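*Asks:* Can you keep this structure in mind? I'll have questions shortly.
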Number of protein chains: 2
Amino acid sequence: MRILEAARAIAAREGAGKITIDAVARESGLSKGGVLYNFPSKKALLSGLLNQMLTAHRELVETLPQDLPSRCLRGQLEAILKMREADVDLSMAILAAAASDPQLLDPLRAELSEQIEVILSETQDRATAMIVVLALQGLRFQDLLALPDGGPQVRKSVVERLRTMIDELE
Amino acid sequence: MRILEAARAIAAREGAGKITIDAVARESGLSKGGVLYNFPSKKALLSGLLNQMLTAHRELVETLPQDLPSRCLRGQLEAILKMREADVDLSMAILAAAASDPQLLDPLRAELSEQIEVILSETQDRATAMIVVLALQGLRFQDLLALPDGGPQVRKSVVERLRTMIDELE
DNA sequence: CAACCTAAACCGACCAGACGGTACAGTGTG
DNA sequence: CACACTGTACCGTCTGGTCGGTTTAGGTTG
């Protein structure tokens with residue numbers, strides 16, 4: 001969808017708070033009316049953004065083979081790594097939503113809640129599993145806010161280590 | 001400072017994007033003129049918020065004994081835990097700044113960059129150290145956005161585990 | 001084939017209110 | 001007196017949203 005693409009581009013370039021209907025219209029080449037035809041309100045637009053992110057994430061997870069140990073946790077890792085490769089800043093939706101109306105994050109909360117439940121049930125060592133989840137979240141936000149991360153070689157070893165942590169969860 | 005307090009209260013209650021000069025004036029009991037007397041622009045206000053957060057963080061770290069191993073990393077952990085206890089949502093400043101103008105995060109980036117450098121230099125096992133840092137960031141954002149975290153007992157065991165991870169870094 | 005109709009997709013002018021910021025005369029306090 | 005405000009009025013711009021109209025694609029009918 002051209003509209004959501006435009007919204008993400010604005011967020012990436014100027015910050016999540018700069019997503020306005022006018023700006024999205026300009027960026028997408030549509031008129032303001034056209035944008036509001038597709039998303040009848042700004043809330044709808046932002047929740048569309050978030051939804052797109054959740055869907056993309058879900059689809060990525062589903063490409064993984066079915067019977068891996070700690071499958072859900074592995075999915076989280078691969079999804080976040082892939083999002084970083086393709087520099088489609090889908091996570092920008094989180095910031096945009098949080099800034100404009102925290103309630104918009106409810107679907108994300110629900111989905112994440114389920115996933116954490118599954119992840120914790122897949123292992124005996126819940127503390128380690130949760131630490132991996134938190135580290136992945138940290139990774140995502142560090143990317144999102146362009147916070148420093150110790151450089152590429154540290155990042156690479158972090159990813160490797162996270163992978164072995166998951167492998168050793170049994 | 002009453003003004004920054006008011007700004008944080010608004011952000012916590014209605015979202016970071018709802019911080020406006022009028023709203024802050026109302027919340028703090030000052031007049032709009034009074035707010036703008038203290039912070040000559042909205043950018044100044046937000047960077048004041050961020051600065052308050054960085055200062056509080058720095059002060060917390062300095063209360064730790066000087067000659068601990070991995071002192072800087074420990075400081076990160078204790079600071080983030082203390083912030084959570086006192087439910088002063090200082091980190092709200094990060095969201096507010098990111099939404100309105102990503103450049104405002106530059107001081108945070110600089111400070112974090114230094115700290116990561118120190119943390120990585122304090123240990124041989126840089127991957128683990130960095131994972132702890134990322135997990136702490138994850139923890140902070142999970143609080144900030146009210147994302148689910150597996151419940152109090154998981155959280156408790158996560159904190160314990162993070163502590164032993166630091167202890168074992170040598 | 002053309003004339004007609006319909007519905008979806010879109011345009012762009014407009015509106016009311018919010019926003020950041022300015023200006024400035026006054027006020028109480030040390 | 002200076003300082004730290006208050007209160008109010010104002011300005012230009014931006015914002016979300018409405019609304020009447022236009023374009024386009026695709027039937028249906030004679």
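Going by the structure tokens order, chains are called A, B, ..., each with residues numbered from 1, while ligands are numbered from 1 in the order shown.
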Would you mind writing down, as a PyMOL selection string, each residue of range 7-107 of chain A that DSSP on the backbone assigns to alpha helix (DSSP H)?
*Replies:* chain A and resi 7-14+21-28+32-38+42-62+71-85+92-100+106-107
*Asks:* Could you turn the residues from that selection into a file that holds C-alpha atoms, as a PDB file, in the first residue's frame?
*Replies:*
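Heads up, here's the output in out_25.pdb:
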ATOM      1  CA  ALA A   7       3.984   7.170   6.243  1.00  0.00           C
ATOM      2  CA  ARG A   8       6.959   4.982   7.068  1.00  0.00           C
ATOM      3  CA  ALA A   9       9.226   7.032   4.855  1.00  0.00           C
ATOM      4  CA  ILE A  10       8.243  10.215   6.673  1.00  0.00           C
ATOM      5  CA  ALA A  11       8.716   8.602  10.074  1.00  0.00           C
ATOM      6  CA  ALA A  12      12.146   7.313   9.109  1.00  0.00           C
ATOM      7  CA  ARG A  13      13.243  10.641   7.667  1.00  0.00           C
ATOM      8  CA  GLU A  14      11.738  13.183  10.075  1.00  0.00           C
ATOM      9  CA  ILE A  21      -2.312  13.326   6.929  1.00  0.00           C
ATOM     10  CA  ASP A  22      -1.114  16.216   4.803  1.00  0.00           C
ATOM     11  CA  ALA A  23       2.438  14.954   4.849  1.00  0.00           C
ATOM     12  CA  VAL A  24       1.382  11.442   3.950  1.00  0.00           C
ATOM     13  CA  ALA A  25      -0.738  12.789   1.104  1.00  0.00           C
ATOM     14  CA  ARG A  26       2.177  14.789  -0.276  1.00  0.00           C
ATOM     15  CA  GLU A  27       4.588  11.873   0.068  1.00  0.00           C
ATOM     16  CA  SER A  28       2.294   9.300  -1.480  1.00  0.00           C
ATOM     17  CA  LYS A  32      -5.603  14.541   1.358  1.00  0.00           C
ATOM     18  CA  GLY A  33      -9.044  13.337   0.463  1.00  0.00           C
ATOM     19  CA  GLY A  34      -7.577  10.262  -1.150  1.00  0.00           C
ATOM     20  CA  VAL A  35      -5.674   9.350   1.966  1.00  0.00           C
ATOM     21  CA  LEU A  36      -8.734   9.825   4.131  1.00  0.00           C
ATOM     22  CA  TYR A  37     -10.716   7.697   1.732  1.00  0.00           C
ATOM     23  CA  ASN A  38      -8.433   4.760   2.457  1.00  0.00           C
ATOM     24  CA  LYS A  42      -5.448   9.278  11.565  1.00  0.00           C
ATOM     25  CA  LYS A  43      -5.955   6.619  14.193  1.00  0.00           C
ATOM     26  CA  ALA A  44      -6.996   4.233  11.455  1.00  0.00           C
ATOM     27  CA  LEU A  45      -3.840   5.068   9.520  1.00  0.00           C
ATOM     28  CA  LEU A  46      -1.590   4.441  12.484  1.00  0.00           C
ATOM     29  CA  SER A  47      -3.342   1.247  13.407  1.00  0.00           C
ATOM     30  CA  GLY A  48      -3.000   0.212   9.765  1.00  0.00           C
ATOM     31  CA  LEU A  49       0.720   0.803  10.050  1.00  0.00           C
ATOM     32  CA  LEU A  50       0.948  -1.265  13.194  1.00  0.00           C
ATOM     33  CA  ASN A  51      -1.132  -3.967  11.637  1.00  0.00           C
ATOM     34  CA  GLN A  52       1.139  -4.139   8.636  1.00  0.00           C
ATOM     35  CA  MET A  53       4.066  -4.585  10.967  1.00  0.00           C
ATOM     36  CA  LEU A  54       2.389  -7.347  12.953  1.00  0.00           C
ATOM     37  CA  THR A  55       1.372  -9.142   9.781  1.00  0.00           C
ATOM     38  CA  ALA A  56       4.843  -8.959   8.286  1.00  0.00           C
ATOM     39  CA  HIS A  57       6.284 -10.282  11.503  1.00  0.00           C
ATOM     40  CA  ARG A  58       3.809 -13.135  11.624  1.00  0.00           C
ATOM     41  CA  GLU A  59       4.524 -14.107   8.041  1.00  0.00           C
ATOM     42  CA  LEU A  60       8.252 -14.141   8.661  1.00  0.00           C
ATOM     43  CA  VAL A  61       7.825 -16.420  11.631  1.00  0.00           C
ATOM     44  CA  GLU A  62       5.721 -18.818   9.593  1.00  0.00           C
ATOM     45  CA  ARG A  71      10.438 -22.349  17.521  1.00  0.00           C
ATOM     46  CA  CYS A  72       8.648 -19.216  18.625  1.00  0.00           C
ATOM     47  CA  LEU A  73      11.733 -17.672  20.161  1.00  0.00           C
ATOM     48  CA  ARG A  74      13.776 -18.495  17.066  1.00  0.00           C
ATOM     49  CA  GLY A  75      11.080 -16.823  15.027  1.00  0.00           C
ATOM     50  CA  GLN A  76      11.412 -13.632  17.035  1.00  0.00           C
ATOM     51  CA  LEU A  77      15.130 -13.568  16.421  1.00  0.00           C
ATOM     52  CA  GLU A  78      14.972 -14.229  12.703  1.00  0.00           C
ATOM     53  CA  ALA A  79      12.139 -11.782  12.231  1.00  0.00           C
ATOM     54  CA  ILE A  80      13.986  -8.973  13.925  1.00  0.00           C
ATOM     55  CA  LEU A  81      17.177  -9.731  12.008  1.00  0.00           C
ATOM     56  CA  LYS A  82      15.354  -9.774   8.683  1.00  0.00           C
ATOM     57  CA  MET A  83      13.616  -6.488   9.457  1.00  0.00           C
ATOM     58  CA  ARG A  84      17.001  -4.963   9.993  1.00  0.00           C
ATOM     59  CA  GLU A  85      18.366  -6.271   6.682  1.00  0.00           C
ATOM     60  CA  MET A  92       8.528   2.920  13.305  1.00  0.00           C
ATOM     61  CA  ALA A  93       4.848   2.221  13.694  1.00  0.00           C
ATOM     62  CA  ILE A  94       5.413   1.466  17.353  1.00  0.00           C
ATOM     63  CA  LEU A  95       6.829   4.880  18.038  1.00  0.00           C
ATOM     64  CA  ALA A  96       4.233   6.653  15.960  1.00  0.00           C
ATOM     65  CA  ALA A  97       1.432   4.886  17.760  1.00  0.00           C
ATOM     66  CA  ALA A  98       2.922   5.388  21.200  1.00  0.00           C
ATOM     67  CA  ALA A  99       3.319   9.079  20.573  1.00  0.00           C
ATOM     68  CA  SER A 100      -0.140   9.737  19.261  1.00  0.00           C
ATOM     69  CA  ASP A 106      -3.106  -2.796  22.368  1.00  0.00           C
ATOM     70  CA  PRO A 107      -2.943  -5.250  19.431  1.00  0.00           C
TER      71      PRO A 107
END
*Asks:* May I have a table of the residues of chain A lying at most 9 Å from chain B, giving each one's closest pair of atoms and their distance in Å to one decimal, counting only C-alpha atoms, ordered by chain and ascending residue number, as a tab-separated table?
*Replies:*
residue	atom	partner	partner_atom	distance
A:Ala11	CA	B:Ala99	CA	8.7
A:Glu14	CA	B:Asp101	CA	7.0
A:Gly15	CA	B:Ala99	CA	5.4
A:Ala16	CA	B:Ala99	CA	4.8
A:Gly17	CA	B:Ala99	CA	4.3
A:Lys18	CA	B:Ser100	CA	7.1
A:Leu95	CA	B:Ala99	CA	7.1
A:Ala96	CA	B:Ala99	CA	7.1
A:Ala98	CA	B:Gly15	CA	6.3
A:Ala99	CA	B:Gly17	CA	4.4
A:Ser100	CA	B:Gly17	CA	5.2
A:Asp101	CA	B:Gly15	CA	5.9
A:Pro102	CA	B:Gly15	CA	5.8
A:Leu105	CA	B:Leu145	CA	8.1
A:Asp106	CA	B:Leu147	CA	8.8
A:Leu108	CA	B:Leu147	CA	8.1
A:Arg109	CA	B:Leu147	CA	5.5
A:Ala110	CA	B:Pro148	CA	8.2
A:Leu112	CA	B:Pro148	CA	6.8
A:Ser113	CA	B:Pro148	CA	5.6
A:Ile116	CA	B:Gly150	CA	6.5
A:Glu117	CA	B:Gly150	CA	6.9
A:Leu120	CA	B:Gly150	CA	8.0
A:Arg126	CA	B:Val154	CA	7.0
A:Ala127	CA	B:Val158	CA	4.9
A:Thr128	CA	B:Val158	CA	7.3
A:Met130	CA	B:Val158	CA	6.9
A:Ile131	CA	B:Ala135	CA	6.0
A:Val132	CA	B:Ala135	CA	7.3
A:Val133	CA	B:Ala135	CA	7.8
A:Leu134	CA	B:Ala135	CA	4.6
A:Ala135	CA	B:Ala135	CA	3.9
A:Leu136	CA	B:Gly138	CA	7.3
A:Gln137	CA	B:Gly138	CA	4.9
A:Gly138	CA	B:Gly138	CA	4.0
A:Leu139	CA	B:Leu134	CA	6.2
A:Arg140	CA	B:Gly138	CA	8.6
A:Phe141	CA	B:Gly138	CA	7.7
A:Gln142	CA	B:Gln137	CA	8.2
A:Leu145	CA	B:Ala98	CA	7.1
A:Ala146	CA	B:Arg109	CA	7.9
A:Leu147	CA	B:Arg109	CA	5.5
A:Pro148	CA	B:Ser113	CA	5.6
A:Asp149	CA	B:Ile116	CA	7.5
A:Gly150	CA	B:Ile116	CA	6.5
A:Val154	CA	B:Ala127	CA	6.4
A:Arg155	CA	B:Ala127	CA	7.9
A:Lys156	CA	B:Ala127	CA	8.7
A:Ser157	CA	B:Ala127	CA	5.7
A:Val158	CA	B:Ala127	CA	4.9
A:Val159	CA	B:Ala127	CA	8.5
A:Glu160	CA	B:Ala127	CA	8.7
A:Arg161	CA	B:Ala127	CA	6.7
A:Leu162	CA	B:Ile131	CA	8.0
*Asks:* Now that the selection is made, can you save its residues with N, CA and C atoms as a compact mmCIF listing (two decimals), in the first residue's frame?
*Replies:*
# COMPACT_ATOMS: atom_id res chain seq x y z
N ALA A 11 8.29 8.90 8.71
CA ALA A 11 8.72 8.60 10.07
C ALA A 11 10.22 8.36 10.11
N GLU A 14 11.93 11.99 9.25
CA GLU A 14 11.74 13.18 10.07
C GLU A 14 11.26 12.88 11.49
N GLY A 15 11.01 11.62 11.79
CA GLY A 15 10.53 11.28 13.12
C GLY A 15 9.07 10.90 13.11
N ALA A 16 8.73 10.03 14.03
CA ALA A 16 7.39 9.47 14.05
C ALA A 16 6.31 10.54 14.25
N GLY A 17 6.66 11.60 14.94
CA GLY A 17 5.68 12.65 15.23
C GLY A 17 5.32 13.48 14.02
N LYS A 18 6.08 13.34 12.94
CA LYS A 18 5.82 14.15 11.76
C LYS A 18 4.85 13.48 10.80
N LEU A 95 6.60 3.54 17.52
CA LEU A 95 6.83 4.88 18.04
C LEU A 95 5.69 5.82 17.67
N ALA A 96 5.30 5.76 16.41
CA ALA A 96 4.23 6.65 15.96
C ALA A 96 2.98 6.44 16.79
N ALA A 98 2.73 5.03 19.80
CA ALA A 98 2.92 5.39 21.20
C ALA A 98 2.84 6.89 21.41
N ALA A 99 3.33 7.63 20.43
CA ALA A 99 3.32 9.08 20.57
C ALA A 99 1.91 9.65 20.45
N SER A 100 1.15 9.11 19.53
CA SER A 100 -0.14 9.74 19.26
C SER A 100 -1.25 9.21 20.16
N ASP A 101 -1.24 7.93 20.44
CA ASP A 101 -2.27 7.38 21.32
C ASP A 101 -1.86 5.99 21.80
N PRO A 102 -1.44 5.89 23.05
CA PRO A 102 -0.89 4.64 23.58
C PRO A 102 -1.84 3.45 23.42
N LEU A 105 -1.43 0.67 20.81
CA LEU A 105 -0.48 -0.43 20.97
C LEU A 105 -1.15 -1.71 21.48
N ASP A 106 -2.43 -1.63 21.80
CA ASP A 106 -3.11 -2.80 22.37
C ASP A 106 -2.94 -4.07 21.54
N LEU A 108 -0.56 -4.92 19.59
CA LEU A 108 0.82 -5.37 19.78
C LEU A 108 0.98 -6.04 21.13
N ARG A 109 0.41 -5.42 22.15
CA ARG A 109 0.49 -5.99 23.49
C ARG A 109 -0.12 -7.39 23.52
N ALA A 110 -1.26 -7.52 22.88
CA ALA A 110 -1.94 -8.82 22.89
C ALA A 110 -1.08 -9.88 22.21
N LEU A 112 2.15 -9.88 21.55
CA LEU A 112 3.38 -10.13 22.28
C LEU A 112 3.12 -10.98 23.51
N SER A 113 2.00 -10.73 24.14
CA SER A 113 1.63 -11.49 25.33
C SER A 113 1.52 -12.97 25.01
N ILE A 116 5.02 -14.47 24.23
CA ILE A 116 5.85 -14.68 25.42
C ILE A 116 5.37 -15.91 26.17
N GLU A 117 4.06 -16.06 26.22
CA GLU A 117 3.52 -17.24 26.90
C GLU A 117 4.03 -18.52 26.23
N LEU A 120 7.82 -19.02 26.87
CA LEU A 120 8.12 -19.48 28.23
C LEU A 120 7.70 -20.93 28.43
N ARG A 126 13.26 -20.36 31.97
CA ARG A 126 12.47 -19.20 31.56
C ARG A 126 13.25 -17.89 31.68
N ALA A 127 14.15 -17.82 32.66
CA ALA A 127 14.90 -16.58 32.81
C ALA A 127 15.74 -16.30 31.56
N THR A 128 16.46 -17.31 31.10
CA THR A 128 17.28 -17.11 29.92
C THR A 128 16.43 -16.79 28.69
N MET A 130 13.61 -15.35 28.58
CA MET A 130 13.10 -13.98 28.68
C MET A 130 14.19 -12.97 28.42
N ILE A 131 15.39 -13.30 28.85
CA ILE A 131 16.50 -12.38 28.59
C ILE A 131 16.76 -12.26 27.10
N VAL A 132 16.64 -13.39 26.39
CA VAL A 132 16.81 -13.33 24.93
C VAL A 132 15.73 -12.43 24.33
N VAL A 133 14.50 -12.61 24.78
CA VAL A 133 13.41 -11.77 24.27
C VAL A 133 13.72 -10.29 24.52
N LEU A 134 14.13 -9.99 25.74
CA LEU A 134 14.41 -8.59 26.09
C LEU A 134 15.56 -8.05 25.25
N ALA A 135 16.58 -8.87 25.05
CA ALA A 135 17.72 -8.42 24.25
C ALA A 135 17.27 -8.12 22.82
N LEU A 136 16.37 -8.94 22.31
CA LEU A 136 15.88 -8.69 20.95
C LEU A 136 15.10 -7.39 20.89
N GLN A 137 14.26 -7.16 21.88
CA GLN A 137 13.55 -5.88 21.95
C GLN A 137 14.55 -4.73 22.01
N GLY A 138 15.57 -4.91 22.83
CA GLY A 138 16.59 -3.88 22.94
C GLY A 138 17.24 -3.61 21.59
N LEU A 139 17.54 -4.68 20.89
CA LEU A 139 18.14 -4.56 19.57
C LEU A 139 17.26 -3.75 18.64
N ARG A 140 15.99 -4.06 18.66
CA ARG A 140 15.03 -3.38 17.80
C ARG A 140 14.96 -1.88 18.09
N PHE A 141 14.91 -1.55 19.38
CA PHE A 141 14.80 -0.13 19.71
C PHE A 141 16.10 0.60 19.47
N GLN A 142 17.20 -0.09 19.64
CA GLN A 142 18.47 0.55 19.35
C GLN A 142 18.56 0.91 17.87
N LEU A 145 15.97 3.93 17.15
CA LEU A 145 16.35 5.26 17.62
C LEU A 145 17.78 5.61 17.24
N ALA A 146 18.39 4.75 16.42
CA ALA A 146 19.78 4.98 16.00
C ALA A 146 20.70 5.17 17.18
N LEU A 147 20.46 4.37 18.22
CA LEU A 147 21.36 4.43 19.37
C LEU A 147 22.59 3.58 19.07
N PRO A 148 23.72 3.90 19.69
CA PRO A 148 24.97 3.18 19.41
C PRO A 148 24.88 1.73 19.90
N ASP A 149 25.67 0.87 19.28
CA ASP A 149 25.56 -0.55 19.59
C ASP A 149 26.91 -1.26 19.64
N GLY A 150 27.97 -0.52 19.77
CA GLY A 150 29.27 -1.16 19.93
C GLY A 150 29.95 -1.57 18.64
N VAL A 154 30.85 -6.42 17.28
CA VAL A 154 30.16 -6.74 18.53
C VAL A 154 28.75 -7.23 18.23
N ARG A 155 28.09 -6.51 17.32
CA ARG A 155 26.73 -6.89 16.98
C ARG A 155 26.68 -8.30 16.44
N LYS A 156 27.65 -8.63 15.60
CA LYS A 156 27.67 -9.96 15.01
C LYS A 156 27.83 -11.02 16.09
N SER A 157 28.74 -10.77 17.01
CA SER A 157 28.96 -11.78 18.07
C SER A 157 27.75 -11.86 18.98
N VAL A 158 27.04 -10.75 19.14
CA VAL A 158 25.82 -10.77 19.94
C VAL A 158 24.79 -11.69 19.31
N VAL A 159 24.62 -11.56 18.01
CA VAL A 159 23.64 -12.40 17.33
C VAL A 159 24.02 -13.87 17.45
N GLU A 160 25.30 -14.16 17.22
CA GLU A 160 25.76 -15.55 17.37
C GLU A 160 25.46 -16.08 18.77
N ARG A 161 25.80 -15.27 19.76
CA ARG A 161 25.61 -15.70 21.14
C ARG A 161 24.13 -15.94 21.45
N LEU A 162 23.29 -15.04 20.91
CA LEU A 162 21.85 -15.22 21.13
C LEU A 162 21.41 -16.56 20.54
*Asks:* Could you tell me which residues of chain C sit within 12 Å of chain B when counting only C-alpha atoms (C1' of nucleotides), and give me the result as a PDB file with C-alpha atoms (C1' of nucleotides), in the first residue's frame?
*Replies:*
ATOM      1  C1'  DA C  18      -4.896  23.498  18.261  1.00  0.00           C
ATOM      2  C1'  DC C  19      -0.283  24.672  18.009  1.00  0.00           C
ATOM      3  C1'  DG C  20       4.232  27.253  18.815  1.00  0.00           C
ATOM      4  C1'  DG C  21       5.528  31.574  19.566  1.00  0.00           C
ATOM      5  C1'  DT C  22       5.378  36.864  20.414  1.00  0.00           C
ATOM      6  C1'  DA C  23       4.312  41.031  22.813  1.00  0.00           C
ATOM      7  C1'  DC C  24       3.584  43.547  26.564  1.00  0.00           C
TER       8       DC C  24
END
*Asks:* Mind dumping a table of every chain D residue within 10 Å of chain A, with the nearest atom pair and its distance in Å to one decimal, using only C-alpha atoms (C1' of nucleotides), sorted by chain and rising number, as a tab-separated table?
*Replies:*
residue	atom	partner	partner_atom	distance
D:DC14	C1'	A:Asp22	CA	9.3
D:DT15	C1'	A:Thr20	CA	7.5
D:DG16	C1'	A:Lys42	CA	7.4
D:DG17	C1'	A:Ser41	CA	7.8
D:DT18	C1'	A:Gly33	CA	9.8
*Asks:* When you look at DG30 in chain D with a cut-off of 10 Å (counting only C-alpha atoms (C1' of nucleotides)), what residues show up, excluding the ones that are within fewer than 2 positions of it in the same chain? I need them as a compact mmCIF listing (two decimals) with N, CA and C atoms (P, O5', C5', C4', C3', O3' and C1' of nucleotides), in the first residue's frame.
*Replies:*
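Output file part-v1.txt is given in full below:
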# COMPACT_ATOMS: atom_id res chain seq x y z
P DA C 2 -20.03 4.03 -31.01
O5' DA C 2 -21.37 4.53 -30.30
C5' DA C 2 -22.49 4.90 -31.08
C4' DA C 2 -23.69 5.13 -30.16
C3' DA C 2 -23.42 6.15 -29.05
O3' DA C 2 -24.58 6.96 -28.91
C1' DA C 2 -24.04 4.08 -28.06
P DA C 3 -24.45 8.42 -28.33
O5' DA C 3 -25.47 8.36 -27.12
C5' DA C 3 -26.78 7.82 -27.34
C4' DA C 3 -27.31 7.27 -26.05
C3' DA C 3 -27.08 8.19 -24.84
O3' DA C 3 -28.33 8.52 -24.25
C1' DA C 3 -26.44 5.95 -24.34
P DT D 28 -24.58 -6.78 -15.66
O5' DT D 28 -25.62 -5.73 -16.27
C5' DT D 28 -26.04 -4.62 -15.50
C4' DT D 28 -27.02 -3.78 -16.29
C3' DT D 28 -27.98 -4.55 -17.21
O3' DT D 28 -29.31 -4.11 -16.90
C1' DT D 28 -26.96 -2.79 -18.42
*Asks:* Write out as a list in words which residues come within 12 Å of DT22 in chain D when counting only C-alpha atoms (C1' of nucleotides), dropping same-chain ones fewer than 3 positions away.
*Replies:*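 Those residues are DA9, DC10, DC11 and DG12 of chain C.
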*Asks:* Just give me the gap between CA of Val118 in chain A and CA of Ser70 in chain A in Å, one decimal is fine.
*Replies:*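 According to the coordinates, CA of Val118 in chain A and CA of Ser70 in chain A are separated by 8.9 Å.
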*Asks:* Neighbouring residues of DG26 in chain C were defined as those with any atom within 12 Å, considering only C-alpha atoms (C1' of nucleotides); residues of the same chain fewer than 5 positions away were excluded. Please report them as a ChimeraX atom specification.
*Replies:* /D:5-8
*Asks:* One decimal, Å: what's the distance from CA of Pro65 in chain A over to CA of Asp89 in chain A, could you say?
*Replies:*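 It comes out at 25.6 Å.
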